$ cat input_16.txt   # compact mmCIF, C-alpha atoms
# COMPACT_ATOMS: atom_id res chain seq x y z
CA MET Q 573 102.27 174.43 96.66
CA ASP Q 574 104.71 176.88 95.03
CA GLU Q 575 104.69 174.76 91.87
CA CYS Q 576 100.91 174.48 91.90
CA ILE Q 577 100.44 178.24 92.26
CA GLU Q 578 102.90 178.96 89.44
CA SER Q 579 101.16 176.48 87.13
CA PHE Q 580 97.90 178.28 87.89
CA GLU Q 581 99.38 181.69 87.04
CA HIS Q 582 99.98 180.45 83.49
CA ALA Q 583 96.69 178.54 83.25
CA TYR Q 584 94.51 181.44 84.40
CA ARG Q 585 96.17 183.85 81.97
CA ALA Q 586 95.62 181.33 79.20
CA ALA Q 587 91.99 180.96 80.27
CA PHE Q 588 91.49 184.73 80.13
CA GLU Q 589 92.96 184.73 76.62
CA ARG Q 590 90.69 181.76 75.80
CA SER Q 591 93.52 179.52 74.71
CA ALA Q 592 92.79 177.30 77.72
CA VAL Q 593 89.17 176.19 78.06
CA ASN Q 594 86.93 174.94 80.84
CA GLY Q 595 84.03 172.54 80.43
CA ARG Q 596 80.75 172.95 82.27
CA ARG Q 597 80.55 171.19 85.60
CA SER Q 598 77.79 168.63 86.10
CA ASP Q 599 76.55 167.19 89.40
CA MET Q 600 73.91 164.48 89.01
CA ILE Q 601 72.04 163.74 92.25
CA VAL Q 602 69.80 160.72 92.87
CA GLY Q 603 68.52 158.82 95.88
CA THR Q 604 70.28 155.91 97.54
CA GLY Q 605 67.41 154.19 99.31
CA ASN Q 606 68.66 155.78 102.53
CA LYS Q 607 66.71 158.93 103.46
CA ASP Q 608 69.83 160.44 105.05
CA THR Q 609 72.09 160.23 101.98
CA VAL Q 610 72.13 160.95 98.25
CA TYR Q 611 74.36 159.70 95.44
CA SER Q 612 76.32 162.30 93.45
CA LEU Q 613 78.16 161.76 90.15
CA LYS Q 614 80.25 164.89 89.55
CA MET Q 615 82.24 165.66 86.41
CA VAL Q 616 84.31 168.60 85.18
CA GLY Q 617 86.89 168.89 82.44
CA GLY Q 618 89.29 171.38 80.92
CA VAL Q 619 92.21 171.75 78.51
CA VAL Q 620 95.48 173.69 78.85
CA PRO Q 621 97.18 173.42 75.42
CA SER Q 622 100.44 175.01 76.63
CA ALA Q 623 100.79 172.10 79.04
CA GLY Q 624 99.68 169.60 76.40
CA ILE Q 625 97.01 168.26 78.75
CA GLY Q 626 93.27 167.69 78.69
CA ALA Q 627 91.77 166.62 82.03
CA VAL Q 628 88.55 165.09 83.29
CA ARG Q 629 87.83 164.93 87.01
CA ILE Q 630 85.15 162.46 88.21
CA ASN Q 631 83.73 161.99 91.69
CA SER Q 632 81.36 159.18 92.66
CA ASP Q 633 80.12 160.18 96.12
CA ILE Q 634 77.66 159.24 98.80
CA LEU Q 635 76.69 162.54 100.48
CA SER Q 636 75.13 163.13 103.87
CA PHE Q 637 74.08 166.38 105.55
CA PRO Q 638 74.31 165.95 109.34
CA GLU Q 639 73.52 168.71 111.81
CA THR Q 640 75.77 169.30 114.81
CA GLY Q 641 75.22 172.10 117.31
CA GLY Q 642 72.70 173.75 115.00
CA GLN Q 643 75.16 173.80 112.07
CA ARG Q 644 74.42 171.69 108.98
CA ARG Q 645 77.43 170.25 107.15
CA LYS Q 646 78.04 168.35 103.92
CA VAL Q 647 79.90 165.11 104.60
CA LYS Q 648 81.12 162.59 102.04
CA VAL Q 649 80.58 159.05 103.32
CA PRO Q 650 83.50 156.61 102.75
CA ALA Q 651 81.07 153.91 101.60
CA ALA Q 652 83.48 152.11 99.22
CA GLY Q 653 85.01 149.82 101.81
CA GLY Q 654 85.89 152.73 104.06
CA ARG Q 655 87.33 154.79 101.20
CA TRP Q 656 86.20 157.54 98.81
CA VAL Q 657 86.07 157.53 95.00
CA GLY Q 658 87.57 160.40 93.02
CA LEU Q 659 89.57 160.13 89.80
CA LEU Q 660 91.52 162.47 87.56
CA LEU Q 661 92.12 161.40 83.95
CA LEU Q 662 94.84 163.14 81.92
CA PHE Q 663 95.02 163.04 78.11
CA SER Q 664 97.55 164.24 75.55
CA THR Q 665 96.45 167.14 73.35
CA GLU Q 666 98.98 165.95 70.74
CA THR Q 667 97.88 162.32 70.27
CA GLY Q 668 94.64 162.10 72.24
CA GLU Q 669 95.98 159.16 74.24
CA PRO Q 670 95.46 158.76 77.98
CA LEU Q 671 98.53 159.73 80.00
CA ALA Q 672 97.51 159.09 83.60
CA ILE Q 673 94.77 157.98 85.97
CA LEU Q 674 95.20 159.56 89.40
CA PRO Q 675 93.24 159.72 92.64
CA ASP Q 676 91.95 163.27 92.97
CA GLY Q 677 91.94 163.84 96.75
CA VAL Q 678 95.36 165.38 97.42
CA LEU Q 679 95.38 167.23 94.10
CA GLN Q 680 91.88 168.54 94.84
CA ARG Q 681 93.05 170.01 98.13
CA MET Q 682 96.15 171.50 96.51
CA ARG Q 683 94.22 173.15 93.70
CA VAL Q 684 91.71 174.73 96.11
CA GLY Q 685 94.58 176.07 98.21
CA ALA Q 686 96.54 177.28 95.20
CA SER Q 687 93.52 179.23 93.91
CA SER Q 688 93.17 180.97 97.27
CA GLY Q 689 96.91 181.66 97.38
CA LEU Q 690 96.89 183.11 93.89
CA ALA Q 691 94.04 185.44 94.85
CA MET Q 692 95.92 186.48 98.01
CA ARG Q 693 98.94 187.36 95.87
CA TYR Q 694 96.85 190.05 94.16
CA LEU Q 695 94.35 191.05 96.87
CA ALA Q 696 95.93 190.74 100.33
CA ARG Q 697 98.12 193.53 101.67
CA PRO Q 698 101.82 192.86 100.89
CA GLU Q 699 102.68 193.10 104.59
CA THR Q 700 100.13 190.43 105.56
CA THR Q 701 101.69 188.43 108.40
CA VAL Q 702 98.76 187.15 110.49
CA VAL Q 703 96.26 184.75 108.93
CA THR Q 704 93.21 183.17 110.55
CA VAL Q 705 91.69 180.01 109.16
CA LEU Q 706 88.15 179.08 110.19
CA GLY Q 707 88.10 175.30 109.95
CA SER Q 708 90.59 172.57 110.79
CA GLY Q 709 89.71 169.86 108.30
CA TRP Q 710 91.15 168.48 105.07
CA GLN Q 711 90.99 171.75 103.11
CA ALA Q 712 92.20 174.08 105.88
CA TYR Q 713 95.85 172.98 105.76
CA ALA Q 714 96.14 173.78 102.04
CA GLN Q 715 94.72 177.25 102.68
CA VAL Q 716 97.45 178.13 105.18
CA LEU Q 717 100.10 176.41 103.06
CA ALA Q 718 99.13 178.64 100.13
CA ALA Q 719 98.99 181.76 102.30
CA ALA Q 720 102.51 181.01 103.55
CA ALA Q 721 103.68 180.60 99.96
CA VAL Q 722 102.62 184.13 98.95
CA ARG Q 723 102.97 186.18 102.15
CA PRO Q 724 105.64 186.37 104.93
CA LEU Q 725 103.51 184.89 107.70
CA ARG Q 726 104.62 185.19 111.31
CA GLU Q 727 101.43 183.86 112.94
CA ILE Q 728 98.60 181.51 111.97
CA ARG Q 729 95.38 181.25 113.96
CA VAL Q 730 92.78 178.49 113.75
CA PHE Q 731 89.25 178.07 115.02
CA SER Q 732 87.10 174.95 114.87
CA PRO Q 733 83.90 174.12 116.77
CA ASN Q 734 85.85 171.03 117.86
CA HIS Q 735 88.64 172.57 119.91
CA ASP Q 736 90.58 169.29 120.07
CA ASN Q 737 90.69 169.26 116.27
CA ALA Q 738 91.87 172.88 116.26
CA ARG Q 739 94.69 172.11 118.70
CA THR Q 740 95.80 169.07 116.69
CA PHE Q 741 95.71 171.12 113.50
CA ALA Q 742 97.74 173.89 115.15
CA ALA Q 743 100.42 171.47 116.32
CA ASN Q 744 100.70 169.76 112.92
CA VAL Q 745 100.84 172.99 110.92
CA GLU Q 746 103.37 174.59 113.26
CA ASN Q 747 105.58 171.52 112.93
CA LYS Q 748 105.35 171.48 109.13
CA LEU Q 749 105.57 175.20 108.37
CA GLU Q 750 107.71 176.28 111.35
CA ILE Q 751 105.36 179.22 111.92
CA PRO Q 752 103.63 179.76 115.29
CA VAL Q 753 100.02 178.50 115.18
CA LYS Q 754 97.42 179.24 117.88
CA ALA Q 755 94.09 177.44 118.39
CA PHE Q 756 91.19 179.65 119.56
CA ILE Q 757 87.96 178.74 121.34
CA ALA Q 758 85.94 181.59 119.78
CA PRO Q 759 85.96 182.58 116.09
CA GLU Q 760 85.54 186.31 116.70
CA ILE Q 761 88.66 186.33 118.89
CA ALA Q 762 90.62 184.37 116.27
CA VAL Q 763 89.62 186.89 113.61
CA ARG Q 764 90.36 190.02 115.64
CA GLY Q 765 93.45 191.83 114.33
CA ALA Q 766 94.17 189.31 111.54
CA ASP Q 767 95.34 190.53 108.13
CA ALA Q 768 93.50 187.75 106.28
CA VAL Q 769 90.67 185.38 107.21
CA LEU Q 770 90.25 182.18 105.22
CA CYS Q 771 87.12 180.06 105.60
CA ALA Q 772 87.69 176.36 104.93
CA THR Q 773 84.74 174.46 106.34
CA ASN Q 774 81.98 172.09 105.29
CA SER Q 775 79.42 174.26 107.09
CA MET Q 776 76.26 175.20 105.23
CA GLN Q 777 75.76 178.31 107.39
CA ALA Q 778 77.87 181.45 107.74
CA VAL Q 779 81.01 181.07 109.86
CA LEU Q 780 82.35 184.62 109.32
CA GLN Q 781 80.15 187.49 110.50
CA GLU Q 782 80.16 191.07 109.24
CA GLU Q 783 80.83 192.64 112.66
CA TRP Q 784 84.17 190.78 112.90
CA VAL Q 785 85.56 192.23 109.65
CA GLU Q 786 88.12 195.02 110.05
CA PRO Q 787 89.47 197.55 107.51
CA GLY Q 788 92.25 196.17 105.33
CA MET Q 789 91.34 192.52 105.81
CA HIS Q 790 91.38 190.00 102.99
CA LEU Q 791 88.62 187.40 103.19
CA GLY Q 792 88.47 184.02 101.49
CA SER Q 793 85.83 181.33 101.22
CA ILE Q 794 85.83 177.89 99.58
CA ARG Q 795 82.06 177.30 99.61
CA ASP Q 796 78.88 179.31 99.27
CA GLY Q 797 77.40 180.63 102.52
CA GLU Q 798 80.55 180.61 104.68
CA ILE Q 799 80.68 184.43 104.74
CA SER Q 800 77.54 186.22 105.92
CA PRO Q 801 75.62 188.17 103.25
CA THR Q 802 76.15 191.47 105.08
CA ALA Q 803 79.92 190.91 105.18
CA LEU Q 804 79.89 190.31 101.42
CA LEU Q 805 77.76 193.37 100.77
CA ASN Q 806 80.15 195.55 102.76
CA ALA Q 807 83.35 194.29 101.09
CA ASP Q 808 85.10 196.89 98.93
CA ARG Q 809 86.38 194.47 96.30
CA ILE Q 810 85.11 190.99 95.46
CA VAL Q 811 86.63 188.56 92.99
CA VAL Q 812 84.97 185.24 92.19
CA HIS Q 813 86.53 182.11 90.87
CA ASP Q 814 84.45 182.10 87.71
CA PRO Q 815 81.15 183.96 87.14
CA GLY Q 816 79.83 181.09 85.03
CA ASN Q 817 80.15 178.69 87.96
CA MET Q 818 78.61 180.78 90.73
CA GLY Q 819 75.07 179.42 90.61
CA SER Q 820 73.62 175.98 91.13
CA ASP Q 821 72.66 175.31 87.48
CA HIS Q 822 75.27 172.52 87.40
CA LEU Q 823 73.00 170.47 89.66
CA VAL Q 824 70.77 167.89 88.00
CA VAL Q 825 68.58 166.46 90.76
CA ALA Q 826 66.26 163.48 90.36
CA SER Q 827 62.58 164.01 91.10
CA GLY Q 828 61.62 163.71 94.75
CA ILE Q 829 65.17 164.26 96.06
CA GLU Q 830 65.71 167.11 98.53
CA HIS Q 831 69.33 168.11 97.98
CA GLN Q 832 70.64 170.43 100.68
CA GLU Q 833 73.51 171.86 98.63
CA GLY Q 834 71.04 173.33 96.17
CA ARG Q 835 70.14 175.96 98.77
CA LYS Q 836 72.67 178.59 97.78
CA GLU Q 837 72.92 181.95 99.55
CA ILE Q 838 74.11 183.75 96.43
CA ALA Q 839 71.52 182.05 94.27
CA THR Q 840 68.63 182.79 96.65
CA ASP Q 841 69.42 186.11 98.38
CA PRO Q 842 68.40 188.91 95.96
CA ARG Q 843 70.78 191.33 97.68
CA LEU Q 844 73.71 189.25 96.46
CA ALA Q 845 72.66 188.93 92.82
CA SER Q 846 75.39 191.30 91.61
CA ILE Q 847 78.15 189.26 93.30
CA ALA Q 848 77.59 186.37 90.90
CA GLY Q 849 78.81 188.67 88.11
CA ALA Q 850 81.87 189.97 89.95
CA PRO Q 851 85.29 189.93 88.21
CA SER Q 852 86.98 186.56 87.81
CA LEU Q 853 90.30 185.28 89.15
CA ALA Q 854 91.45 184.84 85.54
CA GLY Q 855 90.82 188.55 84.88
CA LEU Q 856 92.69 189.45 88.06
CA VAL Q 857 95.73 187.36 87.13
CA ALA Q 858 95.69 188.78 83.58
CA ASN Q 859 95.64 192.34 85.01
CA ALA Q 860 92.31 193.03 83.32
CA THR Q 861 90.75 193.48 86.78
CA PRO Q 862 92.39 195.72 89.40
CA GLY Q 863 93.62 194.17 92.60
CA ARG Q 864 93.81 195.88 95.97
CA LYS Q 865 93.83 199.67 95.66
CA GLY Q 866 94.33 200.77 99.25
CA GLN Q 867 95.47 199.70 102.69
CA THR Q 868 91.99 199.91 104.22
CA GLU Q 869 90.08 198.09 101.48
CA VAL Q 870 88.32 194.88 102.48
CA THR Q 871 88.95 192.42 99.68
CA CYS Q 872 87.25 189.07 99.21
CA PHE Q 873 87.84 186.01 97.05
CA LEU Q 874 84.99 183.53 96.61
CA ASN Q 875 86.68 180.27 95.63
CA PHE Q 876 83.55 178.34 94.65
CA HIS Q 877 83.46 175.30 92.37
CA GLY Q 878 86.40 173.62 90.68
CA LEU Q 879 87.42 174.50 87.13
CA GLY Q 880 88.58 171.85 84.70
CA TYR Q 881 91.71 173.66 83.55
CA GLN Q 882 92.91 173.73 87.18
CA PHE Q 883 93.13 169.95 87.09
CA ALA Q 884 94.87 170.04 83.71
CA ALA Q 885 97.48 172.55 84.94
CA ALA Q 886 98.15 170.91 88.30
CA GLY Q 887 97.92 167.44 86.76
CA ALA Q 888 100.56 168.31 84.16
CA THR Q 889 102.93 169.45 86.91
CA LEU Q 890 102.27 166.33 88.96
CA LEU Q 891 102.74 164.07 85.93
CA LYS Q 892 106.18 165.55 85.24
CA LYS Q 893 107.18 164.96 88.85
CA ALA Q 894 105.91 161.39 88.72
CA HIS Q 895 107.98 160.68 85.59
CA SER Q 896 111.11 162.29 87.05
CA THR Q 897 110.87 160.31 90.28
CA GLY Q 898 109.78 157.03 88.70
CA LEU Q 899 106.51 156.86 90.63
CA GLY Q 900 103.37 155.20 89.32
CA ARG Q 901 102.61 152.06 87.34
CA THR Q 902 102.74 151.79 83.56
CA LEU Q 903 99.64 150.19 82.05
CA PRO Q 904 99.27 148.93 78.46
CA LEU Q 905 98.04 151.69 76.16
CA GLU Q 906 95.82 149.23 74.28
CA TRP Q 907 93.67 148.86 77.41
CA PHE Q 908 92.47 152.42 76.89
CA THR Q 909 92.47 152.82 73.08
CA GLN Q 910 90.40 151.14 70.36
CA ASN Q 911 90.74 150.21 66.69
CA VAL Q 912 87.40 151.80 65.73
CA HIS Q 913 86.17 155.31 66.33
CA SER Q 914 82.88 156.51 67.82

$ encode --input "input_16.txt" --output "structure tokens"
Amino acid sequence: MDECIESFEHAYRAAFERSAVNGRRSDMIVGTGNKDTVYSLKMVGGVVPSAGIGAVRINSDILSFPETGGQRRKVKVPAAGGRWVGLLLLFSTETGEPLAILPDGVLQRMRVGASSGLAMRYLARPETTVVTVLGSGWQAYAQVLAAAAVRPLREIRVFSPNHDNARTFAANVENKLEIPVKAFIAPEIAVRGADAVLCATNSMQAVLQEEWVEPGMHLGSIRDGEISPTALLNADRIVVHDPGNMGSDHLVVASGIEHQEGRKEIATDPRLASIAGAPSLAGLVANATPGRKGQTEVTCFLNFHGLGYQFAAAGATLLKKAHSTGLGRTLPLEWFTQNVHS
């Protein structure tokens, strides 16, 4: 995580200076023949010239939107023989040749966590020691890993609607990070007195309410709608991942398909229109946007939607490690090049 966060420091500064570039994300949604699922082909790309890498991330997903206990969630179905399909392709900016084909799952989790950690470096109080994570799934661990990389944590708290999952998460994280981790049965109790609250769920409704937020807290969210609109409106300082990626204009939905993820709080609640144009993480890292100004400020980072240059930066770091450790399989270059041009 330390390496991932440092690679992002350089990439975000380069993006602010426009030497690194991000392509527009595209999510194409069609039906599957099953009324409970849709098919999604998602693509995003970016280039970080200082790393010598261009990257394209592709996901081929079957999505479902089950409701449990009145909460609707987005769930990717492992329909490919019990597995998921996500690929990261890395290319050389010097020769154009392909350098690597990687599964995207672990890197995806790391880059989401590293983005949140980078924002915490600039927005959370320096003396932040108690962090609450709402969620105990795949993304939640990377959130606390990143928080521990940038702040001297002495306690981690976790809440999940499934208390067994929260307890398992707490035991695993405590064993790995050697920091005390407590599982809570109520989110408002888990949040009370925390220095930072990080939402890492697949919920499509708010999991963090305004009345739980205390002065000086740093808030984080990895998907639209996790933080209640009133909590966002009352935050003193909001930074978004990228203003150009805040809406749902990346969605291309086939006729007749009702796609749940298209129902965005920020896109549909007129009170939150200004948040979509809030300062970016790149501006924050480049010191063009001020970070925390006072001990009692409530700061918030909205970590929505992946950016292509994240995958280029993290992918470059991972590729170097793979070469140095001898991991991976070498494939013939001629499989992926051609003797004519398009």

$ atom_distance --input "input_16.txt" --atom1 "CA of Asp676 (chain Q)" --atom2 "CA of Tyr584 (chain Q)"
20.3 Å

$ closest_residue --input "input_16.txt" --among "Q:Ser896, Q:Thr665, Q:Thr871, Q:Asn747" --to "Ala696 (chain Q)" --atoms "all atoms listed in the file"
Q:Thr871

$ closest_residue --input "input_16.txt" --among "Q:Gly624, Q:Pro670, Q:Gly765, Q:Gly641" --to "Thr700 (chain Q)" --atoms "all atoms listed in the file"
Q:Gly765

$ closest_residue --input "input_16.txt" --among "Q:Thr802, Q:Thr609, Q:Asn631, Q:Ser852" --to "Gln781 (chain Q)" --atoms "all atoms listed in the file"
Q:Thr802

$ residues_around --input "input_16.txt" --residues "Ala755 (chain Q)" --least-positions-apart "2" --cutoff "7 Å" --atoms "all atoms listed in the file" --output "number ranges by chain"
Q: 729-731, 738-739, 742, 753, 757

$ atom_distance --input "input_16.txt" --atom1 "CA of Val649 (chain Q)" --atom2 "CA of Val628 (chain Q)"
22.4 Å

$ closest_residue --input "input_16.txt" --among "Q:Cys771, Q:Ala672, Q:Ala583, Q:Ala885" --to "Gln711 (chain Q)" --atoms "all atoms listed in the file"
Q:Cys771

$ decode --input "input_16.txt" --residues "region 751-780 of chain Q" --atoms "N, CA and C atoms" --output "compact mmCIF listing (two decimals), in the first residue's frame"
# COMPACT_ATOMS: atom_id res chain seq x y z
N ILE Q 751 -3.05 -3.98 15.01
CA ILE Q 751 -3.75 -2.83 15.59
C ILE Q 751 -5.07 -3.37 16.14
N PRO Q 752 -5.47 -2.99 17.34
CA PRO Q 752 -6.75 -3.48 17.88
C PRO Q 752 -7.92 -3.11 16.97
N VAL Q 753 -8.78 -4.09 16.69
CA VAL Q 753 -9.95 -3.89 15.83
C VAL Q 753 -11.19 -4.40 16.57
N LYS Q 754 -12.23 -3.55 16.63
CA LYS Q 754 -13.46 -3.91 17.33
C LYS Q 754 -14.62 -3.96 16.34
N ALA Q 755 -15.45 -5.00 16.44
CA ALA Q 755 -16.66 -5.12 15.63
C ALA Q 755 -17.85 -4.60 16.43
N PHE Q 756 -18.68 -3.76 15.81
CA PHE Q 756 -19.82 -3.13 16.48
C PHE Q 756 -21.13 -3.64 15.89
N ILE Q 757 -22.17 -3.64 16.71
CA ILE Q 757 -23.48 -4.11 16.25
C ILE Q 757 -24.36 -2.97 15.75
N ALA Q 758 -23.94 -1.72 15.99
CA ALA Q 758 -24.71 -0.56 15.54
C ALA Q 758 -23.76 0.46 14.92
N PRO Q 759 -24.07 0.97 13.73
CA PRO Q 759 -23.14 1.89 13.06
C PRO Q 759 -22.94 3.19 13.81
N GLU Q 760 -23.99 3.73 14.42
CA GLU Q 760 -23.85 5.01 15.12
C GLU Q 760 -22.92 4.90 16.32
N ILE Q 761 -22.87 3.73 16.94
CA ILE Q 761 -21.95 3.53 18.07
C ILE Q 761 -20.52 3.39 17.55
N ALA Q 762 -20.36 2.71 16.42
CA ALA Q 762 -19.03 2.56 15.82
C ALA Q 762 -18.44 3.89 15.40
N VAL Q 763 -19.30 4.80 14.97
CA VAL Q 763 -18.86 6.10 14.47
C VAL Q 763 -18.53 7.06 15.62
N ARG Q 764 -19.22 6.92 16.74
CA ARG Q 764 -19.10 7.87 17.83
C ARG Q 764 -17.66 8.00 18.34
N GLY Q 765 -17.12 9.23 18.29
CA GLY Q 765 -15.78 9.48 18.80
C GLY Q 765 -14.65 9.14 17.85
N ALA Q 766 -14.95 8.65 16.67
CA ALA Q 766 -13.90 8.31 15.69
C ALA Q 766 -13.32 9.58 15.08
N ASP Q 767 -12.07 9.50 14.66
CA ASP Q 767 -11.43 10.63 13.97
C ASP Q 767 -11.75 10.62 12.47
N ALA Q 768 -11.94 9.43 11.92
CA ALA Q 768 -12.26 9.29 10.50
C ALA Q 768 -13.25 8.16 10.33
N VAL Q 769 -14.17 8.32 9.38
CA VAL Q 769 -15.17 7.30 9.07
C VAL Q 769 -15.10 7.03 7.57
N LEU Q 770 -14.81 5.79 7.22
CA LEU Q 770 -14.65 5.40 5.83
C LEU Q 770 -15.75 4.42 5.45
N CYS Q 771 -16.53 4.79 4.45
CA CYS Q 771 -17.60 3.92 3.96
C CYS Q 771 -17.06 3.06 2.82
N ALA Q 772 -17.25 1.76 2.94
CA ALA Q 772 -16.74 0.83 1.92
C ALA Q 772 -17.75 -0.30 1.75
N THR Q 773 -18.87 0.02 1.14
CA THR Q 773 -19.98 -0.93 1.04
C THR Q 773 -20.40 -1.07 -0.42
N ASN Q 774 -21.32 -2.01 -0.65
CA ASN Q 774 -21.99 -2.08 -1.96
C ASN Q 774 -23.45 -1.66 -1.82
N SER Q 775 -23.75 -0.93 -0.73
CA SER Q 775 -25.11 -0.45 -0.49
C SER Q 775 -25.47 0.66 -1.48
N MET Q 776 -26.72 0.70 -1.87
CA MET Q 776 -27.20 1.75 -2.75
C MET Q 776 -28.03 2.78 -1.99
N GLN Q 777 -28.01 2.68 -0.64
CA GLN Q 777 -28.62 3.67 0.22
C GLN Q 777 -27.57 4.18 1.21
N ALA Q 778 -27.87 5.31 1.84
CA ALA Q 778 -26.91 5.92 2.77
C ALA Q 778 -26.64 5.01 3.97
N VAL Q 779 -25.37 4.88 4.31
CA VAL Q 779 -24.97 4.11 5.49
C VAL Q 779 -24.39 5.01 6.58
N LEU Q 780 -24.11 6.27 6.24
CA LEU Q 780 -23.59 7.24 7.21
C LEU Q 780 -24.56 8.41 7.28
